[in-house]
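One file, final-v5.cif, is given below (mmCIF, C-alpha atoms and all ligand atoms).
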data_structure
loop_
_atom_site.label_atom_id
_atom_site.label_comp_id
_atom_site.auth_asym_id
_atom_site.auth_seq_id
_atom_site.Cartn_x
_atom_site.Cartn_y
_atom_site.Cartn_z
CA MET A 213 -8.12 -6.76 29.63
CA SER A 214 -7.68 -3.04 29.15
CA GLU A 215 -10.61 -1.08 27.79
CA CYS A 216 -10.16 0.68 24.48
CA CYS A 217 -9.97 4.28 25.53
CA ILE A 218 -7.89 7.37 25.28
CA CYS A 219 -6.27 6.54 28.56
CA LYS A 220 -3.45 8.43 30.22
CA LYS A 221 -0.87 6.06 28.80
CA CYS A 222 -2.23 6.48 25.29
CA LEU A 223 -2.16 10.21 25.59
CA GLY A 224 1.37 9.97 26.94
CA VAL A 225 2.59 8.10 23.89
CA THR A 226 0.69 10.19 21.41
CA GLY A 227 1.37 13.37 23.28
CA ASP A 228 2.16 15.99 20.75
CA GLU A 229 0.06 18.50 22.54
CA GLY A 230 0.22 21.92 21.08
CA GLN A 231 1.25 20.64 17.67
CA GLY A 232 -2.29 20.01 16.49
CA PHE A 233 -2.15 16.22 16.50
CA ASP A 234 -4.87 14.62 18.55
CA VAL A 235 -5.47 10.90 18.15
CA ALA A 236 -8.69 11.11 20.20
CA LYS A 237 -10.04 13.62 17.73
CA ILE A 238 -8.92 11.51 14.79
CA ARG A 239 -10.71 8.49 16.21
CA GLN A 240 -13.97 10.44 16.30
CA ASP A 241 -13.82 10.51 12.52
CA PHE A 242 -13.99 6.69 12.41
CA PRO A 243 -17.25 5.56 14.04
CA ILE A 244 -16.38 1.92 13.28
CA LEU A 245 -13.57 2.11 15.85
CA ASN A 246 -16.19 2.45 18.61
CA ARG A 247 -17.67 -0.95 17.84
CA ARG A 248 -17.74 -3.55 20.56
CA ILE A 249 -17.60 -7.13 19.37
CA HIS A 250 -17.68 -10.70 20.75
CA GLN A 251 -19.42 -10.20 24.10
CA ASP A 252 -18.84 -6.48 24.26
CA LYS A 253 -15.08 -6.38 23.75
CA PRO A 254 -13.72 -3.12 22.36
CA LEU A 255 -12.66 -3.57 18.75
CA ALA A 256 -8.90 -3.18 18.23
CA TYR A 257 -8.50 -2.98 14.49
CA LEU A 258 -4.89 -3.96 13.74
CA ASP A 259 -5.28 -5.18 10.15
CA ASN A 260 -4.45 -1.93 8.40
CA ALA A 261 -1.95 -3.37 5.94
CA ALA A 262 -4.86 -5.36 4.48
CA THR A 263 -7.18 -2.37 4.36
CA THR A 264 -7.71 0.72 6.47
CA GLN A 265 -10.89 2.16 7.93
CA LYS A 266 -12.50 5.17 6.24
CA PRO A 267 -13.12 8.51 7.95
CA SER A 268 -16.59 10.06 7.78
CA VAL A 269 -15.38 12.70 5.30
CA VAL A 270 -14.56 9.96 2.79
CA VAL A 271 -17.91 8.25 3.28
CA CYS A 272 -19.61 11.65 2.95
CA ALA A 273 -17.73 12.39 -0.26
CA LEU A 274 -19.14 9.18 -1.76
CA CYS A 275 -22.67 10.01 -0.55
CA ASP A 276 -22.43 13.54 -1.90
CA TYR A 277 -21.34 12.32 -5.30
CA TYR A 278 -24.20 9.83 -5.54
CA GLN A 279 -26.81 12.10 -3.98
CA ILE A 280 -25.88 15.43 -5.51
CA CYS A 281 -23.99 15.12 -8.77
CA ASN A 282 -24.04 11.51 -9.97
CA ALA A 283 -23.15 11.53 -13.67
CA ASN A 284 -20.51 10.12 -15.96
CA VAL A 285 -17.28 12.05 -16.37
CA HIS A 286 -15.63 13.63 -19.42
CA ARG A 287 -18.62 12.92 -21.65
CA SER A 288 -21.92 14.72 -21.26
CA LEU A 289 -22.40 18.48 -21.46
CA HIS A 290 -24.96 18.89 -18.69
CA LEU A 291 -24.36 20.44 -15.29
CA LEU A 292 -24.17 17.23 -13.26
CA ALA A 293 -21.60 15.75 -15.64
CA ASP A 294 -19.58 18.93 -15.41
CA GLU A 295 -19.66 18.82 -11.59
CA ALA A 296 -18.76 15.12 -11.49
CA THR A 297 -15.84 15.72 -13.85
CA GLN A 298 -14.63 18.64 -11.77
CA HIS A 299 -14.66 16.56 -8.57
CA PHE A 300 -12.99 13.63 -10.32
CA GLU A 301 -10.21 15.82 -11.72
CA GLU A 302 -9.84 17.82 -8.50
CA ALA A 303 -9.15 14.50 -6.74
CA ARG A 304 -6.44 13.77 -9.29
CA ARG A 305 -4.87 17.17 -8.61
CA ARG A 306 -4.82 16.36 -4.89
CA VAL A 307 -3.00 13.11 -5.59
CA VAL A 308 -0.50 15.04 -7.74
CA LYS A 309 0.19 17.29 -4.77
CA PHE A 310 0.26 14.40 -2.30
CA ILE A 311 3.03 12.51 -4.10
CA HIS A 312 4.66 15.60 -5.64
CA ALA A 313 4.12 14.48 -9.21
CA HIS A 314 4.94 16.96 -11.93
CA SER A 315 1.42 17.16 -13.35
CA GLU A 316 -1.95 15.43 -13.71
CA ARG A 317 -0.62 13.76 -16.83
CA GLU A 318 1.47 11.51 -14.59
CA VAL A 319 -1.34 10.24 -12.35
CA ILE A 320 -3.41 7.38 -13.77
CA TYR A 321 -6.42 6.06 -11.91
CA THR A 322 -6.48 2.28 -11.63
CA ARG A 323 -8.28 -0.25 -9.45
CA GLY A 324 -5.30 -0.47 -7.09
CA THR A 325 -1.66 -1.47 -6.79
CA THR A 326 -2.24 -4.79 -8.54
CA GLU A 327 -3.79 -3.20 -11.61
CA SER A 328 -1.17 -0.43 -11.60
CA ILE A 329 1.67 -2.94 -11.79
CA ASN A 330 -0.14 -5.01 -14.41
CA LEU A 331 -0.61 -1.85 -16.44
CA ALA A 332 3.12 -1.13 -16.32
CA ALA A 333 4.07 -4.74 -17.09
CA TYR A 334 1.62 -4.89 -19.96
CA SER A 335 2.03 -1.49 -21.58
CA TRP A 336 5.64 -0.69 -20.80
CA GLY A 337 6.91 -4.26 -20.62
CA ARG A 338 5.48 -5.53 -23.88
CA ARG A 339 7.02 -2.64 -25.74
CA HIS A 340 10.43 -2.57 -24.06
CA ILE A 341 11.32 -6.08 -22.91
CA GLN A 342 13.00 -8.33 -25.46
CA ALA A 343 14.36 -11.89 -25.32
CA GLY A 344 17.35 -12.09 -22.98
CA ASP A 345 16.52 -8.85 -21.16
CA GLU A 346 16.60 -8.96 -17.38
CA ILE A 347 14.18 -7.71 -14.73
CA ILE A 348 15.35 -7.45 -11.14
CA LEU A 349 12.82 -7.96 -8.34
CA THR A 350 13.32 -8.82 -4.67
CA GLU A 351 12.58 -11.92 -2.64
CA MET A 352 10.16 -9.92 -0.48
CA GLU A 353 7.73 -8.87 -3.22
CA HIS A 354 3.98 -9.20 -2.81
CA HIS A 355 2.56 -11.46 -5.55
CA SER A 356 1.31 -8.27 -7.23
CA ASN A 357 4.85 -7.25 -8.03
CA LEU A 358 5.96 -10.73 -9.00
CA VAL A 359 3.32 -12.54 -11.03
CA PRO A 360 2.82 -9.81 -13.71
CA TRP A 361 6.58 -9.87 -14.38
CA GLN A 362 6.61 -13.68 -14.46
CA ILE A 363 3.90 -13.59 -17.12
CA LEU A 364 5.80 -10.97 -19.10
CA ALA A 365 9.15 -12.76 -18.78
CA LYS A 366 7.64 -16.02 -19.98
CA GLU A 367 6.05 -14.34 -22.96
CA ARG A 368 9.21 -12.43 -23.92
CA ASN A 369 11.85 -14.99 -22.95
CA ALA A 370 13.23 -12.49 -20.48
CA VAL A 371 15.02 -13.39 -17.25
CA LEU A 372 13.92 -12.55 -13.70
CA ARG A 373 16.59 -12.04 -11.06
CA PHE A 374 16.02 -11.50 -7.35
CA ILE A 375 17.69 -9.39 -4.70
CA PRO A 376 18.07 -11.72 -1.69
CA VAL A 377 16.57 -10.91 1.69
CA LEU A 378 19.08 -11.08 4.53
CA GLU A 379 18.56 -12.62 7.95
CA ASP A 380 17.43 -9.32 9.52
CA GLY A 381 14.83 -8.67 6.81
CA THR A 382 16.83 -6.11 4.84
CA LEU A 383 17.83 -6.44 1.18
CA ASP A 384 21.30 -7.59 0.20
CA LEU A 385 22.37 -4.44 -1.61
CA GLU A 386 25.80 -5.83 -2.46
CA ALA A 387 24.10 -8.68 -4.30
CA TYR A 388 21.81 -6.12 -5.98
CA ARG A 389 24.79 -4.19 -7.34
CA ARG A 390 26.29 -7.39 -8.68
CA LEU A 391 23.02 -8.16 -10.48
CA LEU A 392 22.98 -4.83 -12.32
CA ASN A 393 24.25 -5.00 -15.89
CA PRO A 394 23.27 -3.49 -19.25
CA LYS A 395 20.71 -6.26 -19.91
CA VAL A 396 18.64 -5.13 -16.90
CA LYS A 397 15.72 -3.05 -18.17
CA LEU A 398 13.66 -2.74 -15.01
CA VAL A 399 14.03 -2.98 -11.25
CA GLY A 400 10.77 -3.63 -9.39
CA VAL A 401 10.96 -3.12 -5.65
CA VAL A 402 8.54 -2.88 -2.76
CA HIS A 403 9.09 0.28 -0.73
CA ILE A 404 7.85 -1.23 2.55
CA SER A 405 7.43 -4.98 2.94
CA ASN A 406 3.91 -5.99 3.93
CA VAL A 407 5.41 -8.94 5.85
CA LEU A 408 8.71 -7.79 7.37
CA GLY A 409 7.87 -4.12 7.70
CA THR A 410 11.28 -3.33 6.21
CA VAL A 411 11.58 0.14 4.72
CA ASN A 412 13.81 -0.42 1.71
CA PRO A 413 16.37 2.27 0.76
CA ILE A 414 14.64 2.96 -2.52
CA GLN A 415 16.43 6.22 -3.21
CA GLU A 416 19.71 4.32 -3.33
CA ILE A 417 18.17 1.43 -5.29
CA ILE A 418 16.73 3.84 -7.84
CA ALA A 419 20.00 5.75 -8.27
CA ASP A 420 21.96 2.52 -8.82
CA ALA A 421 19.39 1.23 -11.32
CA HIS A 422 19.47 4.48 -13.27
CA ARG A 423 23.27 4.41 -13.42
CA ALA A 424 22.94 0.95 -14.98
CA GLY A 425 20.35 2.22 -17.48
CA ALA A 426 17.29 0.51 -15.95
CA LEU A 427 13.94 1.98 -14.99
CA VAL A 428 12.46 1.48 -11.53
CA LEU A 429 8.94 0.60 -10.46
CA VAL A 430 8.22 1.11 -6.76
CA ASP A 431 5.38 -0.81 -5.10
CA GLY A 432 4.17 1.86 -2.70
CA ALA A 433 1.13 -0.03 -1.36
CA GLN A 434 2.51 0.01 2.20
CA SER A 435 4.47 3.27 2.07
CA VAL A 436 2.30 5.92 0.41
CA PRO A 437 -0.35 5.67 3.17
CA HIS A 438 2.22 6.01 5.94
CA MET A 439 4.94 8.51 5.06
CA PRO A 440 5.64 11.57 2.93
CA ILE A 441 6.38 10.59 -0.66
CA ASP A 442 8.01 12.81 -3.27
CA VAL A 443 8.26 11.03 -6.60
CA GLN A 444 10.38 13.79 -8.08
CA ALA A 445 12.92 13.60 -5.26
CA LEU A 446 12.94 9.79 -5.43
CA ASP A 447 13.20 9.94 -9.21
CA CYS A 448 11.25 6.66 -9.57
CA ASP A 449 9.84 5.91 -13.01
CA PHE A 450 6.65 4.26 -11.71
CA LEU A 451 4.95 4.23 -8.32
CA ALA A 452 1.93 2.01 -7.65
CA PHE A 453 -0.45 2.33 -4.71
CA SER A 454 -3.98 1.50 -3.52
CA GLY A 455 -6.62 3.87 -2.19
CA HIS A 456 -8.16 1.41 0.25
CA LYS A 457 -4.92 1.15 2.24
CA MET A 458 -5.00 4.93 2.82
CA MET A 459 -8.56 5.54 3.98
CA ALA A 460 -10.12 5.68 0.49
CA PRO A 461 -12.66 3.23 -0.94
CA THR A 462 -11.73 -0.14 -2.40
CA GLY A 463 -11.41 -0.44 -6.16
CA VAL A 464 -9.39 2.71 -6.76
CA GLY A 465 -5.65 3.25 -6.89
CA VAL A 466 -2.97 5.03 -8.82
CA LEU A 467 -0.13 4.37 -11.18
CA TYR A 468 2.26 7.29 -11.19
CA GLY A 469 4.57 7.29 -14.18
CA LYS A 470 7.06 9.83 -15.44
CA GLU A 471 5.48 11.64 -18.34
CA SER A 472 8.41 10.83 -20.63
CA VAL A 473 7.94 7.12 -19.87
CA LEU A 474 4.13 7.10 -20.16
CA GLU A 475 4.28 8.98 -23.46
CA ILE A 476 6.03 6.14 -25.24
CA MET A 477 3.83 3.38 -23.80
CA ASP A 478 0.93 1.80 -25.63
CA PRO A 479 -2.51 1.73 -24.01
CA PHE A 480 -3.34 -0.97 -21.49
CA MET A 481 -6.98 -1.49 -22.45
CA GLY A 482 -8.96 -0.23 -25.42
CA GLY A 483 -12.45 1.30 -25.37
CA GLY A 484 -14.19 4.55 -24.58
CA GLU A 485 -12.38 7.49 -22.92
CA MET A 486 -8.91 6.46 -24.07
CA ILE A 487 -9.23 7.38 -27.75
CA ASN A 488 -8.79 10.49 -29.80
CA LYS A 489 -10.07 9.46 -33.22
CA VAL A 490 -11.63 6.13 -34.18
CA THR A 491 -12.31 4.81 -37.67
CA LEU A 492 -13.25 1.27 -38.64
CA GLU A 493 -9.65 0.72 -39.61
CA GLY A 494 -7.86 2.06 -36.56
CA SER A 495 -7.68 4.53 -33.70
CA THR A 496 -5.48 7.18 -32.16
CA TRP A 497 -5.09 7.67 -28.44
CA ALA A 498 -6.23 10.35 -26.02
CA ASP A 499 -3.62 12.44 -24.25
CA LEU A 500 -2.26 11.42 -20.88
CA PRO A 501 -3.58 10.32 -18.49
CA LEU A 502 -6.81 9.29 -20.25
CA LYS A 503 -4.88 7.10 -22.70
CA PHE A 504 -4.67 4.59 -19.85
CA GLU A 505 -8.20 5.02 -18.46
CA ALA A 506 -10.46 3.05 -20.80
CA GLY A 507 -14.17 2.89 -19.96
CA THR A 508 -16.16 4.52 -17.19
CA PRO A 509 -13.80 4.89 -14.23
CA HIS A 510 -14.53 4.36 -10.54
CA ILE A 511 -15.76 7.94 -10.21
CA SER A 512 -16.94 7.80 -6.61
CA GLY A 513 -13.78 5.91 -5.68
CA ALA A 514 -11.57 8.61 -7.16
CA ILE A 515 -13.57 11.33 -5.39
CA GLY A 516 -13.22 9.33 -2.17
CA LEU A 517 -9.48 9.05 -2.77
CA GLY A 518 -9.31 12.83 -3.12
CA ALA A 519 -11.12 13.20 0.22
CA ALA A 520 -8.77 10.68 1.86
CA VAL A 521 -5.71 12.49 0.54
CA ASN A 522 -7.12 15.75 1.84
CA TYR A 523 -7.71 14.16 5.24
CA LEU A 524 -4.17 12.76 5.44
CA MET A 525 -2.66 16.05 4.31
CA GLY A 526 -4.72 17.76 7.00
CA ILE A 527 -2.94 15.63 9.61
CA GLY A 528 0.39 15.95 7.79
CA MET A 529 2.30 12.93 6.51
CA GLU A 530 5.33 13.76 8.67
CA GLN A 531 3.04 13.54 11.67
CA VAL A 532 1.50 10.28 10.43
CA GLU A 533 4.96 8.76 10.06
CA LYS A 534 6.16 10.06 13.43
CA TYR A 535 3.15 8.78 15.37
CA GLU A 536 3.28 5.39 13.69
CA GLN A 537 6.99 5.11 14.47
CA GLU A 538 6.23 5.72 18.16
CA LEU A 539 3.44 3.19 18.13
CA THR A 540 5.59 0.62 16.32
CA HIS A 541 8.34 1.12 18.88
CA TYR A 542 5.79 0.58 21.65
CA ALA A 543 4.40 -2.55 19.97
CA LEU A 544 7.84 -4.09 19.47
CA GLN A 545 8.77 -3.34 23.07
CA LYS A 546 5.64 -5.12 24.27
CA LEU A 547 5.70 -8.06 21.86
CA THR A 548 9.42 -8.91 21.85
CA PRO A 549 9.60 -10.19 25.46
CA ILE A 550 6.70 -12.65 25.03
CA PRO A 551 8.29 -16.10 25.38
CA GLY A 552 7.85 -18.22 22.25
CA LEU A 553 6.81 -15.28 20.08
CA LYS A 554 9.04 -14.97 17.04
CA ILE A 555 8.88 -11.68 15.18
CA TYR A 556 9.93 -11.70 11.52
CA GLY A 557 11.85 -8.64 10.35
CA ARG A 558 14.38 -6.73 12.43
CA ALA A 559 15.36 -4.02 9.97
CA PRO A 560 16.51 -0.81 11.67
CA GLU A 561 14.15 1.13 9.41
CA ARG A 562 10.81 -0.53 9.78
CA SER A 563 7.09 0.17 9.67
CA GLY A 564 4.14 -0.90 11.78
CA ALA A 565 3.48 -4.14 9.88
CA ILE A 566 4.62 -6.73 12.42
CA SER A 567 4.53 -10.43 11.52
CA PHE A 568 5.01 -13.17 14.09
CA ILE A 569 4.50 -16.78 15.06
CA LEU A 570 3.66 -17.98 18.57
CA ASP A 571 5.25 -21.31 19.60
CA ASP A 572 3.75 -24.00 17.40
CA VAL A 573 0.32 -22.38 17.30
CA HIS A 574 -0.94 -22.16 13.72
CA PRO A 575 -1.19 -18.47 12.70
CA HIS A 576 -4.84 -18.97 11.69
CA ASP A 577 -5.67 -20.36 15.14
CA LEU A 578 -3.91 -17.43 16.79
CA ALA A 579 -5.77 -14.89 14.63
CA GLN A 580 -9.09 -16.53 15.47
CA PHE A 581 -8.24 -16.63 19.15
CA VAL A 582 -7.30 -12.95 19.36
CA ASP A 583 -10.39 -12.05 17.32
CA GLN A 584 -12.47 -13.46 20.19
CA ALA A 585 -10.69 -10.89 22.37
CA GLY A 586 -11.75 -8.12 20.00
CA VAL A 587 -8.45 -7.83 18.12
CA ALA A 588 -8.45 -7.94 14.32
CA ILE A 589 -5.16 -9.16 12.83
CA ARG A 590 -4.40 -11.07 9.67
CA ALA A 591 -2.96 -14.55 9.24
CA GLY A 592 -1.79 -16.37 6.14
CA HIS A 593 0.98 -16.24 3.55
CA MET A 594 0.36 -12.50 3.07
CA CYS A 595 0.47 -12.92 -0.73
CA ALA A 596 4.21 -13.46 -0.40
CA GLN A 597 4.65 -17.21 -0.76
CA PRO A 598 8.31 -17.07 -1.91
CA LEU A 599 9.17 -15.00 1.17
CA MET A 600 7.32 -17.47 3.41
CA ARG A 601 9.40 -20.25 1.87
CA LYS A 602 12.56 -18.26 2.56
CA LEU A 603 11.48 -17.71 6.18
CA GLY A 604 10.70 -21.43 6.44
CA VAL A 605 7.09 -20.97 7.48
CA PRO A 606 3.79 -21.62 5.68
CA ALA A 607 2.15 -18.56 7.17
CA VAL A 608 2.46 -15.83 9.81
CA SER A 609 0.13 -13.70 11.89
CA ARG A 610 0.42 -9.97 11.29
CA ALA A 611 -0.62 -6.92 13.27
CA SER A 612 -0.44 -3.68 11.30
CA LEU A 613 -0.91 -0.19 12.65
CA TYR A 614 -2.31 3.09 11.45
CA ILE A 615 -2.68 6.65 12.61
CA TYR A 616 -5.85 5.98 14.65
CA ASN A 617 -4.45 3.07 16.68
CA LEU A 618 -3.67 3.36 20.39
CA PRO A 619 -1.12 1.83 22.74
CA CYS A 620 -3.97 0.27 24.72
CA GLU A 621 -5.02 -1.61 21.58
CA ILE A 622 -1.53 -3.07 21.43
CA ASP A 623 -1.91 -4.04 25.10
CA GLN A 624 -5.17 -5.73 24.14
CA LEU A 625 -3.29 -7.73 21.50
CA VAL A 626 -0.51 -8.63 23.92
CA ASP A 627 -3.02 -9.80 26.57
CA ALA A 628 -4.81 -11.89 23.94
CA ILE A 629 -1.54 -13.48 22.76
CA LEU A 630 -0.64 -14.35 26.36
CA GLU A 631 -4.06 -15.93 26.84
CA ALA A 632 -3.61 -17.87 23.59
CA LYS A 633 -0.23 -19.09 24.78
CA GLU A 634 -1.79 -20.39 27.95
CA TYR A 635 -4.75 -21.92 26.12
CA PHE A 636 -2.78 -23.73 23.41
CA SER A 637 -0.06 -24.90 25.78
CA HIS A 638 -2.68 -27.11 27.40
CA GLY A 639 -3.20 -28.84 24.07
CA SER A 640 -6.83 -27.76 23.84
N1 LIG A 701 1.85 -4.70 -2.72
C1 LIG A 701 1.91 -4.76 -1.38
C2 LIG A 701 3.21 -4.52 -0.68
C3 LIG A 701 0.75 -5.02 -0.65
O1 LIG A 701 0.82 -5.08 0.69
C4 LIG A 701 -0.46 -5.23 -1.35
C5 LIG A 701 -1.68 -5.57 -0.61
O2 LIG A 701 -1.67 -6.01 0.49
C6 LIG A 701 -0.46 -5.14 -2.74
C7 LIG A 701 0.72 -4.88 -3.38
C8 LIG A 701 -1.71 -5.33 -3.53
O3 LIG A 701 -2.61 -4.31 -3.28
P1 LIG A 701 -4.09 -4.36 -3.88
O4 LIG A 701 -4.67 -5.68 -3.46
O5 LIG A 701 -4.76 -3.20 -3.26
O6 LIG A 701 -3.96 -4.26 -5.36
#

Any chance you could give the structure as structure tokens?
Ligand code: PLP
Amino acid sequence: MSECCICKKCLGVTGDEGQGFDVAKIRQDFPILNRRIHQDKPLAYLDNAATTQKPSVVVCALCDYYQICNANVHRSLHLLADEATQHFEEARRRVVKFIHAHSEREVIYTRGTTESINLAAYSWGRRHIQAGDEIILTEMEHHSNLVPWQILAKERNAVLRFIPVLEDGTLDLEAYRRLLNPKVKLVGVVHISNVLGTVNPIQEIIADAHRAGALVLVDGAQSVPHMPIDVQALDCDFLAFSGHKMMAPTGVGVLYGKESVLEIMDPFMGGGEMINKVTLEGSTWADLPLKFEAGTPHISGAIGLGAAVNYLMGIGMEQVEKYEQELTHYALQKLTPIPGLKIYGRAPERSGAISFILDDVHPHDLAQFVDQAGVAIRAGHMCAQPLMRKLGVPAVSRASLYIYNLPCEIDQLVDAILEAKEYFSHGS
């Protein structure tokens, strides 16, 4: 088995010498990647769609907050509180820049993609969805962008419709256009599928929805960490994403919403921070974005998110996307010829989330086997049970790549899969 190293081959694939991109240097920022596990095997962490590793600058940002200026935000008048608030709001400004939002008023801190979508379904949906209205989703949605709308539809007697997934893992856009009609109030679509890796043509989907008078929520959990995103150019109404999938801590994420849309939404949760004036009889709401941020927020998480955004912008999101495309191409080239390995998702535009099944080996068994070889991948239904049903499988194994991964880690996965094939073919 190949050692995890910055070998000649790795440098060849990454080789953007002279353009300031250096994967070896990036890896130095992630001490966890140097771990050796299971009898001294080099760790190949290929479970980035589940959560990514955190660079030292993010960990340091958390430490600095707790060790230097720990205080609550937006409340007290002392120095520490002022510093904490400044860092918290500076992080928000970085996110604004990162996704090209119009202003801080459009960036709401949440616990992650799941909470962001629930916020939209609760606050926007309960105000705007009436009996008989329609919501269009896709068959490839993560449960996070399905269940909140199911709850809402049930409560409001609204109807959910689904854009079918075609054989190659792309969306049936003809069927989508046929679904659009004046009763459709919202289209909810995942930008990049966490199972198939498909990059959906959201610009087109958004334009069509708007022509039909519907708003669009984009689940950006698997896209925002991996490619440049410009919400103004996309013209999406909502964009949800999670910090922990882009090098930030767990428990923090963002709901972007157009100011004009957020303005006419009711709060999600009530409590401190989100009010303007409170009497025993009633309350008025704080301005955006605080109207949607009830209670003490995840202050260190937000500061960590700001540091992660800074780190990614330092590399450059075009560069992140380009490198990951090269790596994905390499991975597909290596995995596709393995006899008995079926890869799910063959969209021409695809990301580095690669799901597969090996012969009749259960995906859990395969994931455990490759773990023994030092390779971390995920197995299961990937929180996309309807898609699994469509694919006719109960579960898949998934390798997912990020900016710090190396071709030799993909080789390590391939070697481990070949060993698993041999092992399980003997009925052990
Ligand atoms: N949407 C997609 C496409 C995802 O891949 C995930 C997580 O894997 C989510 C939503 C939910 O993200 P979180 O658990 O961070 O809320």

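Proximity ranking of A:Asp259, A:Asp384, A:Glu367, A:Glu505 relative to Gly564 of chain A places A:Asp259 first, based on only C-alpha atoms.
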
Quiz prompt | Residue list as a PyMOL selection string for point (1.8, 5.0, -12.6), cut-off 7 Å, all atoms listed in the file | solution = chain A and resi 318-320+328+450-452+466-469

Exercise. Write as a ChimeraX atom specification the residues around ligand LIG 701 (chain A), taking 10 Å as the cut-off and counting all atoms listed in the file.
Key: /A:260-263,322-330,352-358,401-407,409,430-435,452-457,462-466,565,594-596

Self-check item: Shell around segment 550-562 of chain A at 7 Å using only C-alpha atoms, local window under 6 positions removed, as a PyMOL selection string
Solution: chain A and resi 380-382+408-411+568-571

Next, write the just-selected residues to a file, as an mmCIF file, keeping the file's coordinate frame, keeping C-alpha atoms as the atom set.
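Saved file selection-v2.cif follows:
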data_model
loop_
_atom_site.group_PDB
_atom_site.id
_atom_site.type_symbol
_atom_site.label_atom_id
_atom_site.label_comp_id
_atom_site.auth_asym_id
_atom_site.auth_seq_id
_atom_site.Cartn_x
_atom_site.Cartn_y
_atom_site.Cartn_z
ATOM 1 C CA ASP A 380 17.430 -9.320 9.520
ATOM 2 C CA GLY A 381 14.830 -8.670 6.810
ATOM 3 C CA THR A 382 16.830 -6.110 4.840
ATOM 4 C CA LEU A 408 8.710 -7.790 7.370
ATOM 5 C CA GLY A 409 7.870 -4.120 7.700
ATOM 6 C CA THR A 410 11.280 -3.330 6.210
ATOM 7 C CA VAL A 411 11.580 0.140 4.720
ATOM 8 C CA PHE A 568 5.010 -13.170 14.090
ATOM 9 C CA ILE A 569 4.500 -16.780 15.060
ATOM 10 C CA LEU A 570 3.660 -17.980 18.570
ATOM 11 C CA ASP A 571 5.250 -21.310 19.600
#

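We find atom CA of Leu427 of chain A and atom CA of Leu398 of chain A to be spaced 4.7 Å apart.
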
Self-check item: Shell around Leu383 of chain A at 9 Å using only C-alpha atoms, local window under 6 positions removed, as a ChimeraX atom specification
Solution: /A:350-352,375-377,410,412-413

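What separates atom CA of Ala628 of chain A from atom CA of Ile566 of chain A is a distance of 15.8 Å.
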
Quiz item: Counting only C-alpha atoms, what is within 10 Å of Asp442 of chain A, bar same-chain residues fewer than 2 positions away, as a PyMOL selection string?
Solution: chain A and resi 308-313+436+439-440+444-448

Quiz prompt | For Trp336 of chain A: contacts at 8 Å, all atoms listed in the file, fewer than 5 positions along chain excluded, given as a PyMOL selection string | solution = chain A and resi 331+474+477-478

Quiz prompt | Given only C-alpha atoms as the counted atoms, nearest of A:Ala332, A:Ala387, A:Arg373, A:Pro549 to Asp449 of chain A | solution = A:Ala332

May I have the residues within 12 Å of Phe636 of chain A as a PDB file with C-alpha atoms, keeping the file's coordinate frame, using all atoms listed in the file and disregarding those fewer than 3 positions away in the same chain?
ATOM      1  CA  LEU A 570       3.660 -17.980  18.570  1.00  0.00           C
ATOM      2  CA  ASP A 571       5.250 -21.310  19.600  1.00  0.00           C
ATOM      3  CA  ASP A 572       3.750 -24.000  17.400  1.00  0.00           C
ATOM      4  CA  VAL A 573       0.320 -22.380  17.300  1.00  0.00           C
ATOM      5  CA  HIS A 574      -0.940 -22.160  13.720  1.00  0.00           C
ATOM      6  CA  ASP A 577      -5.670 -20.360  15.140  1.00  0.00           C
ATOM      7  CA  LEU A 578      -3.910 -17.430  16.790  1.00  0.00           C
ATOM      8  CA  PHE A 581      -8.240 -16.630  19.150  1.00  0.00           C
ATOM      9  CA  ILE A 629      -1.540 -13.480  22.760  1.00  0.00           C
ATOM     10  CA  LEU A 630      -0.640 -14.350  26.360  1.00  0.00           C
ATOM     11  CA  GLU A 631      -4.060 -15.930  26.840  1.00  0.00           C
ATOM     12  CA  ALA A 632      -3.610 -17.870  23.590  1.00  0.00           C
ATOM     13  CA  LYS A 633      -0.230 -19.090  24.780  1.00  0.00           C
ATOM     14  CA  GLY A 639      -3.200 -28.840  24.070  1.00  0.00           C
ATOM     15  CA  SER A 640      -6.830 -27.760  23.840  1.00  0.00           C
TER      16      SER A 640
END
